[in-house]
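Below: one structure, written as structure tokens.
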Amino acid sequence: IPRRVEPSYVWGEMLPVLEQIAPDALIVNLETAVTDRGRPWPEKGIQYRMHPANLDCLTVAGIDVAVLANNHVLDLSEPGLDQTLDVLHAAGITPVGAGRNIEEAWRPVAVDTPSGSRVLVLAAGTTSSGIPWTWAAGERRPGVALLPDLSEDTVERIAAIVRSVARPHDVVVVSVHWGGNWGY
């Protein structure tokens, strides 16, 4: 972008559409770190970073939840993830799918709706999308909610997490980051 523009610029014609639709929850896959810290992850060919000063391009859209279970959230290593989590929380955008430990990374988030129901969001990724195994969140290690495979046992594990927090009439969204780019 050759000149300074308003934060809404990156959305093109989408913001009036979103306003007209008025979704109960606006959920995005935020496939970048939001940081001015950290070092690029070693031996990773492509790193994405958004400077925290540009966060207004997300808040202008009224985003409720940012899915972080993807192959770029740790591009600037653990300090970058830590700042990403802090910046999103401070802006009122709830991160899901990555965290400071395994419990936080796998914790679903709930968005209350005007009707009194909730949109419940859980996010996880797979190595097939380019998420390294070393990015998996651990008991004392920040990282991504990383699926071991796409088996029925894994699906049951996800279902158990959802059942543990779901209420009647919740709408459940499970975001899975999987597969290679530009394919089916």
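Within each chain, counting starts at residue 1; across the structure tokens, chains are named A, B, ... in the order shown, with ligands numbered 1 upward in that order.
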Name the residues in contact with Ile158 (chain A) at a cut-off of 10 Å, using only C-alpha atoms, excluding same-chain residues fewer than 4 positions from it; report them as a VMD selection string.
-> chain A and resid 106 122 to 124 147 152 to 154 162 to 163 174
Take the residues just selected and output them with N, CA and C atoms as a PDB file, in the first residue's frame.
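That gives us selection.pdb:
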```
ATOM      1  N   TRP A 106      -6.203 -25.333  23.953  1.00  0.00           N
ATOM      2  CA  TRP A 106      -7.363 -26.174  23.646  1.00  0.00           C
ATOM      3  C   TRP A 106      -8.671 -25.646  24.240  1.00  0.00           C
ATOM      4  N   LEU A 122     -13.911 -23.684  18.843  1.00  0.00           N
ATOM      5  CA  LEU A 122     -12.729 -24.469  19.184  1.00  0.00           C
ATOM      6  C   LEU A 122     -11.887 -24.540  17.920  1.00  0.00           C
ATOM      7  N   ALA A 123     -10.566 -24.448  18.070  1.00  0.00           N
ATOM      8  CA  ALA A 123      -9.698 -24.464  16.896  1.00  0.00           C
ATOM      9  C   ALA A 123      -8.489 -25.352  17.138  1.00  0.00           C
ATOM     10  N   ALA A 124      -8.074 -26.044  16.088  1.00  0.00           N
ATOM     11  CA  ALA A 124      -6.888 -26.897  16.142  1.00  0.00           C
ATOM     12  C   ALA A 124      -6.294 -26.983  14.739  1.00  0.00           C
ATOM     13  N   LEU A 147      -3.512 -31.340  16.397  1.00  0.00           N
ATOM     14  CA  LEU A 147      -4.131 -32.657  16.345  1.00  0.00           C
ATOM     15  C   LEU A 147      -3.087 -33.715  16.009  1.00  0.00           C
ATOM     16  N   GLU A 152     -10.944 -41.256  14.243  1.00  0.00           N
ATOM     17  CA  GLU A 152     -12.192 -41.168  15.019  1.00  0.00           C
ATOM     18  C   GLU A 152     -11.901 -40.864  16.481  1.00  0.00           C
ATOM     19  N   ASP A 153     -10.786 -41.381  17.016  1.00  0.00           N
ATOM     20  CA  ASP A 153     -10.419 -41.074  18.398  1.00  0.00           C
ATOM     21  C   ASP A 153     -10.168 -39.581  18.583  1.00  0.00           C
ATOM     22  N   THR A 154      -9.531 -38.963  17.618  1.00  0.00           N
ATOM     23  CA  THR A 154      -9.277 -37.522  17.690  1.00  0.00           C
ATOM     24  C   THR A 154     -10.577 -36.743  17.599  1.00  0.00           C
ATOM     25  N   VAL A 162     -15.909 -30.161  23.478  1.00  0.00           N
ATOM     26  CA  VAL A 162     -17.098 -29.352  23.203  1.00  0.00           C
ATOM     27  C   VAL A 162     -18.210 -29.697  24.194  1.00  0.00           C
ATOM     28  N   ARG A 163     -18.466 -30.987  24.403  1.00  0.00           N
ATOM     29  CA  ARG A 163     -19.539 -31.397  25.339  1.00  0.00           C
ATOM     30  C   ARG A 163     -19.284 -30.881  26.748  1.00  0.00           C
ATOM     31  N   VAL A 174     -16.047 -25.590  14.894  1.00  0.00           N
ATOM     32  CA  VAL A 174     -14.731 -26.191  15.085  1.00  0.00           C
ATOM     33  C   VAL A 174     -13.919 -25.860  13.839  1.00  0.00           C
TER      34      VAL A 174
END
```
Those of region 26-95 of chain A in DSSP helix (DSSP H, G or I), formatted as a count of residues only | 21
Which one is closest to Val121 (chain A): A:Ala137, A:Leu76, A:Leu30, A:Ala66? Count only C-alpha atoms.
-> A:Ala66
Coordinates-based distance that separates CA of His89 (chain A) from CA of Ser77 (chain A) (Å, one decimal) =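 Between CA of Ser77 (chain A) and CA of His89 (chain A) the gap is 18.8 Å.
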Shell of 9 Å around Gly80 (chain A), only C-alpha atoms, local chain residues under 3 positions omitted, as a PyMOL selection string | chain A and resi 33-39+49+73-77+83-85
Proximity of region 138-170 of chain A to region 92-97 of chain A: per-residue shortest pair, 12 Å limit, only C-alpha atoms, as CSV:
```
residue,atom,partner,partner_atom,distance
A:Pro142,CA,A:Gly97,CA,11.1
A:Gly143,CA,A:Gly97,CA,8.7
A:Val144,CA,A:Gly97,CA,5.9
A:Ala145,CA,A:Gly97,CA,5.2
A:Leu146,CA,A:Gly97,CA,8.4
A:Leu147,CA,A:Gly97,CA,10.8
```
Limited to N, CA, C and O atoms, could you put the picked residues into a file as an mmCIF file, in the first residue's frame?
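Written output follows (result13.cif):
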```cif
data_model
loop_
_atom_site.group_PDB
_atom_site.id
_atom_site.type_symbol
_atom_site.label_atom_id
_atom_site.label_comp_id
_atom_site.auth_asym_id
_atom_site.auth_seq_id
_atom_site.Cartn_x
_atom_site.Cartn_y
_atom_site.Cartn_z
ATOM 1 N N PRO A 142 4.237 -22.777 25.441
ATOM 2 C CA PRO A 142 3.247 -22.131 24.580
ATOM 3 C C PRO A 142 3.218 -22.798 23.210
ATOM 4 O O PRO A 142 4.212 -23.370 22.764
ATOM 5 N N GLY A 143 2.074 -22.710 22.560
ATOM 6 C CA GLY A 143 1.987 -23.274 21.225
ATOM 7 C C GLY A 143 0.567 -23.409 20.733
ATOM 8 O O GLY A 143 -0.366 -22.793 21.251
ATOM 9 N N VAL A 144 0.425 -24.270 19.746
ATOM 10 C CA VAL A 144 -0.819 -24.459 19.002
ATOM 11 C C VAL A 144 -1.528 -25.709 19.509
ATOM 12 O O VAL A 144 -0.895 -26.681 19.919
ATOM 13 N N ALA A 145 -2.853 -25.704 19.436
ATOM 14 C CA ALA A 145 -3.650 -26.912 19.655
ATOM 15 C C ALA A 145 -3.454 -27.778 18.413
ATOM 16 O O ALA A 145 -4.037 -27.513 17.368
ATOM 17 N N LEU A 146 -2.586 -28.769 18.524
ATOM 18 C CA LEU A 146 -2.182 -29.564 17.369
ATOM 19 C C LEU A 146 -2.794 -30.953 17.455
ATOM 20 O O LEU A 146 -2.624 -31.658 18.456
ATOM 21 N N LEU A 147 -3.512 -31.340 16.397
ATOM 22 C CA LEU A 147 -4.131 -32.657 16.345
ATOM 23 C C LEU A 147 -3.087 -33.715 16.009
ATOM 24 O O LEU A 147 -2.278 -33.509 15.093
#
```
Return the single residue from A:Pro108, A:Gly130, A:Gly125, A:Pro16 that is closest to Gly180 (chain A), with distances computed using only C-alpha atoms.
->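 Ranking A:Pro108, A:Gly130, A:Gly125, A:Pro16 by distance to Gly180 (chain A), first place goes to A:Gly130.
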Please, which residues of region 78-177 of chain A, numbered as in this document, come out strand (DSSP E) from DSSP, as a list in words?
-> Thr94, Pro95, Val96, Ala98, Gly99, Val109, Ala110, Val111, Asp112, Arg118, Val119, Leu120, Val121, Leu122, Ala123, Ala124, Gly125, Gly143, Val144, Val171, Val172, Val173, Val174, Ser175, Val176 and His177 of chain A
Among listed residues A:Leu150, A:Val17, A:Asn29, A:Trp11, nearest Cys57 (chain A) (using only C-alpha atoms) =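 Among A:Leu150, A:Val17, A:Asn29, A:Trp11, it is A:Trp11 that comes nearest to Cys57 (chain A).
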Measuring atom to atom with only C-alpha atoms, identify which of A:Leu55, A:Ala166, A:Ala160, A:Ala98 is nearest to His72 (chain A).
->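 Selected residue with least distance to His72 (chain A): A:Ala98.
For the set A:Glu31, A:Glu13, A:Asp82, A:Asp149, the residue with the smallest atom-to-atom gap to Ala69 (chain A) is A:Glu31, counting only C-alpha atoms.
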Take CA of Glu43 (chain A) and CA of Glu78 (chain A) and report the distance between them in Å, one decimal.
->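 Between CA of Glu43 (chain A) and CA of Glu78 (chain A) the gap works out to 15.4 Å.
You will find CA of Arg3 (chain A) at 20.9 Å from CA of Tyr48 (chain A).
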Nearest residue to Val171 (chain A) from the set A:Val28, A:Val67, A:Val10, A:Val109 (distances using only C-alpha atoms) =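 Looking at the shortest contact to Val171 (chain A), the residue is A:Val109.
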